[in-house]
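Visitor: You'll find data-v3.pdb just under this line, and it carries PDB, C-alpha atoms.
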MODEL        1
ATOM      1  CA  MET A   5       0.000   0.000   0.000
ATOM      2  CA  THR A   6       1.287   3.469  -0.826
ATOM      3  CA  LYS A   7       1.932   5.765   2.075
ATOM      4  CA  ILE A   8      -0.578   8.521   2.707
ATOM      5  CA  LYS A   9       0.831  12.054   2.791
ATOM      6  CA  SER A  10       0.929  13.653   6.224
ATOM      7  CA  LEU A  11       2.081  16.853   7.892
ATOM      8  CA  ALA A  12       5.419  15.148   8.573
ATOM      9  CA  ASP A  13       6.034  15.142   4.807
ATOM     10  CA  LEU A  14       5.226  18.834   4.773
ATOM     11  CA  ARG A  15       7.850  19.439   7.478
ATOM     12  CA  ASN A  16      10.384  17.627   5.300
ATOM     13  CA  MET A  17       9.609  19.987   2.425
ATOM     14  CA  LYS A  18      10.404  23.049   4.527
ATOM     15  CA  ALA A  19      14.056  23.505   3.532
ATOM     16  CA  ASP A  20      13.196  23.293  -0.143
ATOM     17  CA  LEU A  21      10.351  25.777   0.254
ATOM     18  CA  GLN A  22      12.439  28.196   2.275
ATOM     19  CA  SER A  23      15.185  28.373  -0.338
ATOM     20  CA  LYS A  24      12.591  28.909  -3.059
ATOM     21  CA  ILE A  25      11.016  31.783  -1.129
ATOM     22  CA  ALA A  26      14.386  33.326  -0.257
ATOM     23  CA  LEU A  27      15.386  33.283  -3.913
ATOM     24  CA  ARG A  28      12.207  35.068  -4.869
ATOM     25  CA  GLU A  29      12.463  37.665  -2.115
ATOM     26  CA  LYS A  30      15.924  38.661  -3.276
ATOM     27  CA  SER A  31      14.609  39.646  -6.677
ATOM     28  CA  ASP A  32      11.446  41.023  -5.191
ATOM     29  CA  ASN A  33      10.247  44.569  -5.455
ATOM     30  CA  PRO A  34       7.035  44.948  -3.509
ATOM     31  CA  GLU A  35       5.582  47.330  -6.102
ATOM     32  CA  GLY A  36       6.152  44.732  -8.813
ATOM     33  CA  LEU A  37       3.434  42.423  -7.567
ATOM     34  CA  VAL A  38       0.358  41.704  -9.643
ATOM     35  CA  GLN A  39      -2.814  41.590  -7.545
ATOM     36  CA  ILE A  40      -5.828  39.569  -8.597
ATOM     37  CA  LYS A  41      -9.129  39.366  -6.779
ATOM     38  CA  VAL A  42     -11.580  36.670  -7.751
ATOM     39  CA  ALA A  43     -15.231  37.452  -6.981
ATOM     40  CA  MET A  44     -16.417  34.542  -4.855
ATOM     41  CA  ALA A  45     -19.967  35.131  -3.784
ATOM     42  CA  THR A  46     -22.838  32.765  -4.619
ATOM     43  CA  CYS A  47     -23.055  34.098  -8.177
ATOM     44  CA  GLY A  48     -19.311  33.721  -8.814
ATOM     45  CA  ILE A  49     -19.021  30.260  -7.276
ATOM     46  CA  ALA A  50     -22.055  28.978  -9.187
ATOM     47  CA  SER A  51     -20.458  30.207 -12.430
ATOM     48  CA  GLY A  52     -17.086  28.530 -11.892
ATOM     49  CA  ALA A  53     -14.976  30.996  -9.879
ATOM     50  CA  LYS A  54     -13.293  28.147  -7.985
ATOM     51  CA  GLU A  55     -11.801  26.634 -11.160
ATOM     52  CA  VAL A  56     -10.685  30.080 -12.320
ATOM     53  CA  MET A  57      -8.980  30.812  -9.013
ATOM     54  CA  GLU A  58      -7.212  27.421  -8.962
ATOM     55  CA  PHE A  59      -6.119  27.951 -12.572
ATOM     56  CA  LEU A  60      -4.704  31.402 -11.803
ATOM     57  CA  ILE A  61      -2.787  30.245  -8.711
ATOM     58  CA  ASP A  62      -1.243  27.277 -10.548
ATOM     59  CA  GLU A  63      -0.480  28.995 -13.829
ATOM     60  CA  LEU A  64       0.990  32.198 -12.367
ATOM     61  CA  ASP A  65       3.311  30.010 -10.302
ATOM     62  CA  LYS A  66       4.286  27.859 -13.300
ATOM     63  CA  ARG A  67       4.911  30.946 -15.440
ATOM     64  CA  ASN A  68       6.969  32.599 -12.677
ATOM     65  CA  ILE A  69       4.774  35.651 -12.299
ATOM     66  CA  ASP A  70       4.770  37.130  -8.817
ATOM     67  CA  ALA A  71       1.155  37.636  -7.944
ATOM     68  CA  ILE A  72      -1.251  37.634  -5.049
ATOM     69  CA  VAL A  73      -4.526  35.892  -5.833
ATOM     70  CA  SER A  74      -7.235  36.558  -3.284
ATOM     71  CA  GLN A  75     -10.999  36.329  -2.921
ATOM     72  CA  THR A  76     -13.497  39.107  -2.793
ATOM     73  CA  GLY A  77     -17.263  39.260  -2.523
ATOM     74  CA  CYS A  78     -19.839  40.072  -5.152
ATOM     75  CA  MET A  79     -18.957  43.237  -7.050
ATOM     76  CA  GLY A  80     -22.508  43.554  -8.370
ATOM     77  CA  TYR A  81     -21.737  42.156 -11.836
ATOM     78  CA  CYS A  82     -23.577  38.875 -11.253
ATOM     79  CA  TYR A  83     -24.564  38.684 -14.929
ATOM     80  CA  ALA A  84     -20.906  38.551 -15.989
ATOM     81  CA  GLU A  85     -19.559  36.025 -13.483
ATOM     82  CA  PRO A  86     -16.964  34.767 -12.979
ATOM     83  CA  THR A  87     -15.370  38.189 -12.661
ATOM     84  CA  ILE A  88     -11.825  39.016 -11.612
ATOM     85  CA  GLU A  89     -10.152  42.304 -10.756
ATOM     86  CA  VAL A  90      -6.554  42.613 -11.922
ATOM     87  CA  THR A  91      -4.282  45.336 -10.582
ATOM     88  CA  LEU A  92      -0.955  45.675 -12.363
ATOM     89  CA  PRO A  93       1.830  47.530 -10.527
ATOM     90  CA  ASN A  94       1.153  51.278 -10.412
ATOM     91  CA  GLN A  95      -2.043  51.008 -12.409
ATOM     92  CA  GLU A  96      -5.758  51.304 -11.832
ATOM     93  CA  PRO A  97      -7.611  48.027 -11.226
ATOM     94  CA  VAL A  98      -9.347  46.494 -14.236
ATOM     95  CA  VAL A  99     -12.356  44.171 -13.895
ATOM     96  CA  PHE A 100     -12.796  41.361 -16.415
ATOM     97  CA  GLY A 101     -16.080  39.492 -16.815
ATOM     98  CA  TYR A 102     -17.002  36.035 -18.150
ATOM     99  CA  VAL A 103     -13.647  34.598 -17.125
ATOM    100  CA  ASP A 104     -13.073  30.883 -17.689
ATOM    101  CA  SER A 105      -9.741  29.049 -17.848
ATOM    102  CA  LYS A 106      -9.197  30.051 -21.482
ATOM    103  CA  LYS A 107      -9.960  33.703 -20.777
ATOM    104  CA  ALA A 108      -7.773  33.594 -17.677
ATOM    105  CA  ASP A 109      -4.957  32.252 -19.828
ATOM    106  CA  ASP A 110      -5.432  35.182 -22.259
ATOM    107  CA  ILE A 111      -5.442  37.636 -19.349
ATOM    108  CA  ILE A 112      -2.128  36.259 -18.092
ATOM    109  CA  GLU A 113      -0.466  36.141 -21.513
ATOM    110  CA  LYS A 114      -1.766  39.459 -22.841
ATOM    111  CA  TYR A 115      -2.889  41.814 -20.082
ATOM    112  CA  ILE A 116      -0.558  40.776 -17.262
ATOM    113  CA  LYS A 117       2.523  40.130 -19.389
ATOM    114  CA  THR A 118       2.227  42.929 -21.937
ATOM    115  CA  GLY A 119      -0.504  45.272 -20.681
ATOM    116  CA  GLU A 120      -2.605  44.715 -23.775
ATOM    117  CA  LEU A 121      -6.318  45.223 -23.071
ATOM    118  CA  LEU A 122      -8.784  42.482 -23.886
ATOM    119  CA  GLU A 123     -12.468  42.125 -24.578
ATOM    120  CA  GLY A 124     -14.763  41.644 -21.632
ATOM    121  CA  ILE A 125     -13.626  44.534 -19.468
ATOM    122  CA  ILE A 126     -16.373  45.942 -17.278
ATOM    123  CA  PRO A 127     -16.039  49.738 -17.410
ATOM    124  CA  VAL A 128     -15.527  51.506 -14.081
ATOM    125  CA  ASN A 129     -18.394  53.896 -14.763
ATOM    126  CA  TYR A 130     -20.803  51.017 -15.259
ATOM    127  CA  GLU A 131     -23.937  51.533 -13.182
ATOM    128  CA  LYS A 132     -26.383  48.809 -12.467
ATOM    129  CA  ILE A 133     -30.092  49.248 -12.874
ATOM    130  CA  ASP A 134     -31.940  49.275  -9.581
TER     131      ASP A 134
ATOM    132  CA  MET B  12     -24.172  24.905  -7.667
ATOM    133  CA  LYS B  13     -22.744  21.798  -9.247
ATOM    134  CA  ASP B  14     -21.852  20.021  -6.028
ATOM    135  CA  LEU B  15     -21.952  20.238  -2.237
ATOM    136  CA  SER B  16     -18.366  21.411  -1.876
ATOM    137  CA  LEU B  17     -19.271  24.599  -3.774
ATOM    138  CA  HIS B  18     -22.164  25.203  -1.368
ATOM    139  CA  ILE B  19     -19.689  24.846   1.492
ATOM    140  CA  LEU B  20     -17.296  27.304  -0.174
ATOM    141  CA  ASP B  21     -20.219  29.712  -0.520
ATOM    142  CA  ILE B  22     -21.579  29.312   3.024
ATOM    143  CA  ALA B  23     -18.060  29.709   4.467
ATOM    144  CA  GLN B  24     -17.916  33.172   2.840
ATOM    145  CA  ASN B  25     -20.793  34.164   5.152
ATOM    146  CA  SER B  26     -18.694  33.140   8.159
ATOM    147  CA  ILE B  27     -15.733  35.109   6.803
ATOM    148  CA  SER B  28     -17.947  38.188   6.311
ATOM    149  CA  ALA B  29     -19.158  37.750   9.893
ATOM    150  CA  GLY B  30     -15.588  38.295  11.070
ATOM    151  CA  ALA B  31     -14.993  34.739  12.294
ATOM    152  CA  SER B  32     -11.502  33.746  13.445
ATOM    153  CA  LYS B  33     -12.376  30.066  13.556
ATOM    154  CA  ILE B  34     -14.565  28.164  11.124
ATOM    155  CA  GLY B  35     -15.435  24.519  11.570
ATOM    156  CA  ILE B  36     -16.629  22.521   8.588
ATOM    157  CA  SER B  37     -17.939  19.049   9.209
ATOM    158  CA  ILE B  38     -19.232  16.332   6.950
ATOM    159  CA  ASP B  39     -20.862  13.344   8.561
ATOM    160  CA  GLU B  40     -21.678  10.413   6.347
ATOM    161  CA  ASN B  41     -23.692   7.809   8.169
ATOM    162  CA  LEU B  42     -24.131   5.047   5.641
ATOM    163  CA  ALA B  43     -26.106   2.781   7.985
ATOM    164  CA  ALA B  44     -28.674   5.507   8.647
ATOM    165  CA  ASN B  45     -28.372   6.689   5.020
ATOM    166  CA  THR B  46     -27.750  10.329   6.003
ATOM    167  CA  MET B  47     -25.194  12.959   5.179
ATOM    168  CA  ALA B  48     -24.929  16.023   7.405
ATOM    169  CA  ILE B  49     -22.948  19.117   6.521
ATOM    170  CA  GLY B  50     -22.186  21.648   9.236
ATOM    171  CA  VAL B  51     -20.532  25.060   9.115
ATOM    172  CA  THR B  52     -19.857  26.581  12.536
ATOM    173  CA  ASP B  53     -18.180  29.908  13.166
ATOM    174  CA  ASN B  54     -17.339  32.268  16.006
ATOM    175  CA  GLY B  55     -18.318  35.359  14.034
ATOM    176  CA  ARG B  56     -20.622  38.123  15.151
ATOM    177  CA  GLY B  57     -23.820  36.089  14.851
ATOM    178  CA  MET B  58     -27.279  37.302  13.907
ATOM    179  CA  PRO B  59     -30.350  38.400  15.842
ATOM    180  CA  ALA B  60     -33.344  36.044  15.707
ATOM    181  CA  GLU B  61     -35.255  38.190  13.209
ATOM    182  CA  VAL B  62     -32.353  37.976  10.731
ATOM    183  CA  VAL B  63     -31.993  34.191  11.198
ATOM    184  CA  GLU B  64     -35.655  33.895  10.256
ATOM    185  CA  ARG B  65     -35.112  35.828   7.045
ATOM    186  CA  VAL B  66     -31.816  34.403   5.687
ATOM    187  CA  THR B  67     -33.569  31.509   3.962
ATOM    188  CA  ASP B  68     -35.668  34.059   2.045
ATOM    189  CA  PRO B  69     -34.014  34.608  -1.363
ATOM    190  CA  TYR B  70     -35.087  38.251  -1.314
ATOM    191  CA  TYR B  71     -33.167  38.937   1.858
ATOM    192  CA  THR B  72     -29.492  39.910   1.734
ATOM    193  CA  SER B  73     -27.166  41.908   3.936
ATOM    194  CA  ARG B  74     -25.213  43.250   0.997
ATOM    195  CA  THR B  75     -25.821  46.381  -0.981
ATOM    196  CA  THR B  76     -24.395  45.404  -4.383
ATOM    197  CA  ARG B  77     -27.490  43.435  -5.315
ATOM    198  CA  LYS B  78     -30.981  42.709  -4.083
ATOM    199  CA  VAL B  79     -31.035  38.946  -3.741
ATOM    200  CA  GLY B  80     -29.209  36.479  -1.497
ATOM    201  CA  LEU B  81     -29.347  32.974  -2.865
ATOM    202  CA  GLY B  82     -26.555  31.147  -1.020
ATOM    203  CA  ILE B  83     -28.558  29.739   1.880
ATOM    204  CA  PRO B  84     -31.870  29.341  -0.045
ATOM    205  CA  LEU B  85     -30.166  27.236  -2.753
ATOM    206  CA  PHE B  86     -28.448  25.044  -0.168
ATOM    207  CA  LYS B  87     -31.743  24.593   1.670
ATOM    208  CA  GLN B  88     -33.548  23.721  -1.548
ATOM    209  CA  ASN B  89     -30.983  21.031  -2.358
ATOM    210  CA  ALA B  90     -31.247  19.534   1.136
ATOM    211  CA  GLU B  91     -35.039  19.506   1.049
ATOM    212  CA  ALA B  92     -35.097  17.940  -2.411
ATOM    213  CA  THR B  93     -33.609  14.807  -0.844
ATOM    214  CA  GLY B  94     -35.991  14.792   2.097
ATOM    215  CA  GLY B  95     -33.469  16.543   4.324
ATOM    216  CA  SER B  96     -33.500  19.949   5.959
ATOM    217  CA  LEU B  97     -31.437  23.008   6.827
ATOM    218  CA  GLN B  98     -31.180  24.568  10.267
ATOM    219  CA  ILE B  99     -29.465  27.687  11.496
ATOM    220  CA  ASP B 100     -28.644  28.563  15.061
ATOM    221  CA  SER B 101     -27.098  31.904  15.785
ATOM    222  CA  GLU B 102     -26.322  34.017  18.765
ATOM    223  CA  GLU B 103     -25.177  37.605  18.557
ATOM    224  CA  GLY B 104     -21.601  37.993  19.660
ATOM    225  CA  ARG B 105     -21.075  34.212  19.814
ATOM    226  CA  GLY B 106     -21.360  32.854  16.289
ATOM    227  CA  THR B 107     -23.493  30.865  13.923
ATOM    228  CA  MET B 108     -24.058  27.192  13.256
ATOM    229  CA  LEU B 109     -25.585  26.012  10.004
ATOM    230  CA  LYS B 110     -26.454  22.391   9.445
ATOM    231  CA  ALA B 111     -27.855  20.767   6.325
ATOM    232  CA  THR B 112     -28.901  17.143   6.214
ATOM    233  CA  PHE B 113     -29.357  15.031   3.115
ATOM    234  CA  LEU B 114     -30.591  11.548   2.392
ATOM    235  CA  HIS B 115     -27.315   9.922   1.407
ATOM    236  CA  ASN B 116     -28.465   7.742  -1.476
ATOM    237  CA  HIS B 117     -31.160  10.076  -2.777
ATOM    238  CA  LEU B 118     -31.027  10.617  -6.532
ATOM    239  CA  ASP B 119     -31.215  14.388  -6.048
ATOM    240  CA  ARG B 120     -28.341  14.613  -3.588
ATOM    241  CA  PRO B 121     -25.570  16.448  -5.438
ATOM    242  CA  PRO B 122     -22.146  14.779  -5.347
ATOM    243  CA  LEU B 123     -19.789  16.008  -2.642
ATOM    244  CA  GLY B 124     -17.310  17.455  -5.127
ATOM    245  CA  ASP B 125     -13.766  18.657  -4.562
ATOM    246  CA  MET B 126     -13.620  19.207  -0.783
ATOM    247  CA  ALA B 127      -9.818  19.191  -0.788
ATOM    248  CA  GLY B 128      -9.730  22.010  -3.341
ATOM    249  CA  VAL B 129     -12.313  24.013  -1.410
ATOM    250  CA  MET B 130     -10.473  23.673   1.917
ATOM    251  CA  VAL B 131      -7.138  24.647   0.394
ATOM    252  CA  LEU B 132      -8.638  27.685  -1.361
ATOM    253  CA  LEU B 133     -10.359  28.845   1.823
ATOM    254  CA  ALA B 134      -7.256  28.354   3.946
ATOM    255  CA  GLY B 135      -4.948  29.963   1.369
ATOM    256  CA  ALA B 136      -7.138  33.004   0.815
ATOM    257  CA  ASN B 137      -7.820  33.576   4.522
ATOM    258  CA  PRO B 138      -4.546  32.856   6.318
ATOM    259  CA  GLU B 139      -5.674  34.633   9.493
ATOM    260  CA  ILE B 140      -8.652  32.301   9.978
ATOM    261  CA  ARG B 141      -8.351  28.846  11.509
ATOM    262  CA  PHE B 142     -10.254  26.239   9.527
ATOM    263  CA  VAL B 143     -11.004  22.843  10.997
ATOM    264  CA  TYR B 144     -12.427  20.347   8.536
ATOM    265  CA  THR B 145     -13.737  17.094   9.979
ATOM    266  CA  HIS B 146     -14.944  14.347   7.681
ATOM    267  CA  ARG B 147     -16.576  11.258   9.170
ATOM    268  CA  ILE B 148     -17.692   8.175   7.305
ATOM    269  CA  ASP B 149     -19.385   5.862   9.815
ATOM    270  CA  ASN B 150     -16.661   5.282  12.416
ATOM    271  CA  GLU B 151     -13.746   6.594  10.388
ATOM    272  CA  GLU B 152     -12.624  10.189  10.718
ATOM    273  CA  TYR B 153     -10.179  12.581   9.120
ATOM    274  CA  VAL B 154      -9.429  16.035  10.546
ATOM    275  CA  PHE B 155      -7.662  18.797   8.643
ATOM    276  CA  ASP B 156      -6.749  21.685  10.944
ATOM    277  CA  THR B 157      -4.979  24.721   9.479
ATOM    278  CA  GLU B 158      -3.498  25.458  12.915
ATOM    279  CA  GLU B 159      -1.518  22.207  12.699
ATOM    280  CA  VAL B 160      -0.560  22.974   9.114
ATOM    281  CA  LYS B 161       0.778  26.391  10.107
ATOM    282  CA  GLU B 162       2.756  24.812  12.921
ATOM    283  CA  ALA B 163       4.311  22.308  10.510
ATOM    284  CA  LEU B 164       5.107  25.095   8.045
ATOM    285  CA  ASP B 165       6.824  27.164  10.722
ATOM    286  CA  GLY B 166       6.482  30.563   9.045
ATOM    287  CA  ILE B 167       6.241  29.500   5.416
ATOM    288  CA  PRO B 168       2.997  30.909   4.024
ATOM    289  CA  LEU B 169       0.229  28.388   3.556
ATOM    290  CA  ASN B 170      -0.757  30.016   0.283
ATOM    291  CA  GLU B 171       2.564  29.147  -1.367
ATOM    292  CA  PRO B 172       1.367  27.308  -4.517
ATOM    293  CA  GLN B 173       3.597  24.294  -3.847
ATOM    294  CA  VAL B 174       2.176  24.031  -0.315
ATOM    295  CA  MET B 175      -1.382  24.319  -1.616
ATOM    296  CA  ARG B 176      -0.777  21.523  -4.112
ATOM    297  CA  PHE B 177       0.683  19.323  -1.367
ATOM    298  CA  LEU B 178      -2.227  19.982   1.020
ATOM    299  CA  LYS B 179      -4.770  19.182  -1.661
ATOM    300  CA  GLU B 180      -3.099  15.838  -2.347
ATOM    301  CA  MET B 181      -2.805  15.142   1.384
ATOM    302  CA  ILE B 182      -6.516  15.749   2.014
ATOM    303  CA  ASN B 183      -7.537  13.700  -1.028
ATOM    304  CA  GLU B 184      -5.371  10.745  -0.027
ATOM    305  CA  ASN B 185      -6.730  10.781   3.520
ATOM    306  CA  LEU B 186     -10.341  11.003   2.326
ATOM    307  CA  THR B 187      -9.778   8.095  -0.026
ATOM    308  CA  ALA B 188      -8.270   6.149   2.853
ATOM    309  CA  ILE B 189     -11.237   6.622   5.204
ATOM    310  CA  LYS B 190     -13.607   5.776   2.367
ATOM    311  CA  ALA B 191     -11.783   2.511   1.662
ATOM    312  CA  ARG B 192     -11.823   1.300   5.252
TER     313      ARG B 192
ENDMDL
END
If you took the structure in this file and wrote it as structure tokens, what would it be?
Guide:
Amino acid sequence: MTKIKSLADLRNMKADLQSKIALREKSDNPEGLVQIKVAMATCGIASGAKEVMEFLIDELDKRNIDAIVSQTGCMGYCYAEPTIEVTLPNQEPVVFGYVDSKKADDIIEKYIKTGELLEGIIPVNYEKID
Amino acid sequence: MKDLSLHILDIAQNSISAGASKIGISIDENLAANTMAIGVTDNGRGMPAEVVERVTDPYYTSRTTRKVGLGIPLFKQNAEATGGSLQIDSEEGRGTMLKATFLHNHLDRPPLGDMAGVMVLLAGANPEIRFVYTHRIDNEEYVFDTEEVKEALDGIPLNEPQVMRFLKEMINENLTAIKAR
């Protein structure tokens, strides 16, 4: 029978993890971080926000992009879920709607890497109908 | 919602909004009695009785960005579709306990889904909150406690992608193990 992973295995990974983090911190400039917020209220979750968030965390790591991916609540764009808010260093946040894994991939490759704007941006002056 | 784990992810957001520092998530599968109970317990600010009465109403919400609140009503609907129920107990200043019960083998019971993924996302996105996930299948039990994880990590952030991948595998392997016993 194969051995089940436990917290002891995690302790054994510590040295490896520490050196990885130290290496990154050396090259780190705190302003250089990309910040992404994934809207994770009922509307977002029901539309697939969990898969999008997992995709972003994994892919940004694989592509060596320093980013913080966090959760936020409903931004009021329920019709366009899943939505994510991307803040590039020293820039205004941009909200993208209808994000799936393919769109998230485009956002990483185009908007995050080169700053090129994509379809599906929700304008900041958008007002919802009450 | 495609599965129960997404409901749990959704309901846990309520506990986070309530300012909880500890959130307990429990899944109790009693195969002999053919029941499955899902509990989310927090030590957040709680709700007065008149709010507890209204949270299962889809037209009630505490937020201002939209006029509906479907998280709890949808969960309740799914539980009731299997002959189960949803209960909420809350006390202001103490916290809230939500419990949904399902008939385990009912055709309309959604699959459990990716609990490991949900726990890791919750823990990674809310490092200041302690999550305790307890999964019981009959007499077998697995407990995932982020306090123990943090202790093992000794300062390394839990939301390091490599750590998150490891934790997801660890939870999945343990769940498979208690299922097989």
Visitor: May I have the residues of chain A within 10 Å of chain B, counting all atoms listed in the file, written as a PyMOL selection string?
Guide: chain A and resi 6-18+21-22+25+44-55+57-58+61-66+72-82+132-134
Visitor: What is the distance between atom CA of Tyr71 of chain B and atom CA of Ala23 of chain B, in Å to one decimal?
Guide: 17.9 Å
Visitor: One decimal, in Å: what's the spacing between atom CA of Glu103 of chain B and atom CA of Ile140 of chain B?
Guide: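 Atom CA of Ile140 of chain B lies 19.4 Å from atom CA of Glu103 of chain B.
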Visitor: Report, in Å with one decimal, the straight-line distance from atom CA of Lys110 of chain B to atom CA of Gln98 of chain B.
Guide: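 Atom CA of Gln98 of chain B lies at a distance of 5.3 Å from atom CA of Lys110 of chain B.
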Visitor: Running the PyMOL selection byres ((chain A and resi 93-106) around 7) on this model by hand, what would come out? Give it as number ranges by chain.
Guide: A: 35-38, 56, 59, 84-92, 107-110, 124-126
Visitor: Edge lengths and centre in Å to one decimal, as AutoDock Vina command-line options, is what I'm after for the box along x, y and z that holds all listed atoms of segment 178-183 of chain B once 6 Å is added on each side.
Guide:
--center_x -4.9 --center_y 16.8 --center_z -0.2 --size_x 17.3 --size_y 18.3 --size_z 16.4
Visitor: How would you write, as a PDB file with C-alpha atoms, keeping the file's coordinate frame, the residues chosen by the PyMOL selection byres ((chain B and resi 36) around 12) on this structure?
Guide:
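New file out_28.pdb:
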ATOM      1  CA  SER B  16     -18.366  21.411  -1.876  1.00  0.00           C
ATOM      2  CA  HIS B  18     -22.164  25.203  -1.368  1.00  0.00           C
ATOM      3  CA  ILE B  19     -19.689  24.846   1.492  1.00  0.00           C
ATOM      4  CA  LEU B  20     -17.296  27.304  -0.174  1.00  0.00           C
ATOM      5  CA  ILE B  22     -21.579  29.312   3.024  1.00  0.00           C
ATOM      6  CA  ALA B  23     -18.060  29.709   4.467  1.00  0.00           C
ATOM      7  CA  SER B  26     -18.694  33.140   8.159  1.00  0.00           C
ATOM      8  CA  LYS B  33     -12.376  30.066  13.556  1.00  0.00           C
ATOM      9  CA  ILE B  34     -14.565  28.164  11.124  1.00  0.00           C
ATOM     10  CA  GLY B  35     -15.435  24.519  11.570  1.00  0.00           C
ATOM     11  CA  SER B  37     -17.939  19.049   9.209  1.00  0.00           C
ATOM     12  CA  ILE B  38     -19.232  16.332   6.950  1.00  0.00           C
ATOM     13  CA  ASP B  39     -20.862  13.344   8.561  1.00  0.00           C
ATOM     14  CA  ALA B  48     -24.929  16.023   7.405  1.00  0.00           C
ATOM     15  CA  ILE B  49     -22.948  19.117   6.521  1.00  0.00           C
ATOM     16  CA  GLY B  50     -22.186  21.648   9.236  1.00  0.00           C
ATOM     17  CA  VAL B  51     -20.532  25.060   9.115  1.00  0.00           C
ATOM     18  CA  THR B  52     -19.857  26.581  12.536  1.00  0.00           C
ATOM     19  CA  ASP B  53     -18.180  29.908  13.166  1.00  0.00           C
ATOM     20  CA  MET B 108     -24.058  27.192  13.256  1.00  0.00           C
ATOM     21  CA  LEU B 109     -25.585  26.012  10.004  1.00  0.00           C
ATOM     22  CA  LYS B 110     -26.454  22.391   9.445  1.00  0.00           C
ATOM     23  CA  ALA B 111     -27.855  20.767   6.325  1.00  0.00           C
ATOM     24  CA  MET B 126     -13.620  19.207  -0.783  1.00  0.00           C
ATOM     25  CA  VAL B 129     -12.313  24.013  -1.410  1.00  0.00           C
ATOM     26  CA  MET B 130     -10.473  23.673   1.917  1.00  0.00           C
ATOM     27  CA  LEU B 133     -10.359  28.845   1.823  1.00  0.00           C
ATOM     28  CA  ALA B 134      -7.256  28.354   3.946  1.00  0.00           C
ATOM     29  CA  ARG B 141      -8.351  28.846  11.509  1.00  0.00           C
ATOM     30  CA  PHE B 142     -10.254  26.239   9.527  1.00  0.00           C
ATOM     31  CA  VAL B 143     -11.004  22.843  10.997  1.00  0.00           C
ATOM     32  CA  TYR B 144     -12.427  20.347   8.536  1.00  0.00           C
ATOM     33  CA  THR B 145     -13.737  17.094   9.979  1.00  0.00           C
ATOM     34  CA  HIS B 146     -14.944  14.347   7.681  1.00  0.00           C
ATOM     35  CA  ARG B 147     -16.576  11.258   9.170  1.00  0.00           C
ATOM     36  CA  TYR B 153     -10.179  12.581   9.120  1.00  0.00           C
ATOM     37  CA  VAL B 154      -9.429  16.035  10.546  1.00  0.00           C
ATOM     38  CA  PHE B 155      -7.662  18.797   8.643  1.00  0.00           C
ATOM     39  CA  ASP B 156      -6.749  21.685  10.944  1.00  0.00           C
ATOM     40  CA  THR B 157      -4.979  24.721   9.479  1.00  0.00           C
TER      41      THR B 157
END
Visitor: Translate the PyMOL selection byres ((chain B and resi 106) around 8), as applied to the file shown, into an explicit residue set as a PDB file with C-alpha atoms, keeping the file's coordinate frame.
Guide:
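Saved to result_29.pdb:
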ATOM      1  CA  ALA B  31     -14.993  34.739  12.294  1.00  0.00           C
ATOM      2  CA  THR B  52     -19.857  26.581  12.536  1.00  0.00           C
ATOM      3  CA  ASP B  53     -18.180  29.908  13.166  1.00  0.00           C
ATOM      4  CA  ASN B  54     -17.339  32.268  16.006  1.00  0.00           C
ATOM      5  CA  GLY B  55     -18.318  35.359  14.034  1.00  0.00           C
ATOM      6  CA  ARG B  56     -20.622  38.123  15.151  1.00  0.00           C
ATOM      7  CA  GLY B  57     -23.820  36.089  14.851  1.00  0.00           C
ATOM      8  CA  MET B  58     -27.279  37.302  13.907  1.00  0.00           C
ATOM      9  CA  SER B 101     -27.098  31.904  15.785  1.00  0.00           C
ATOM     10  CA  GLU B 102     -26.322  34.017  18.765  1.00  0.00           C
ATOM     11  CA  GLU B 103     -25.177  37.605  18.557  1.00  0.00           C
ATOM     12  CA  GLY B 104     -21.601  37.993  19.660  1.00  0.00           C
ATOM     13  CA  ARG B 105     -21.075  34.212  19.814  1.00  0.00           C
ATOM     14  CA  THR B 107     -23.493  30.865  13.923  1.00  0.00           C
ATOM     15  CA  MET B 108     -24.058  27.192  13.256  1.00  0.00           C
TER      16      MET B 108
END
Visitor: Around (-23.2, 7.7, 3.0), as given in the file, which residues come within 9 Å? Count all atoms listed in the file and list them as a PyMOL selection string.
Guide: chain B and resi 39-47+114-116+148-149
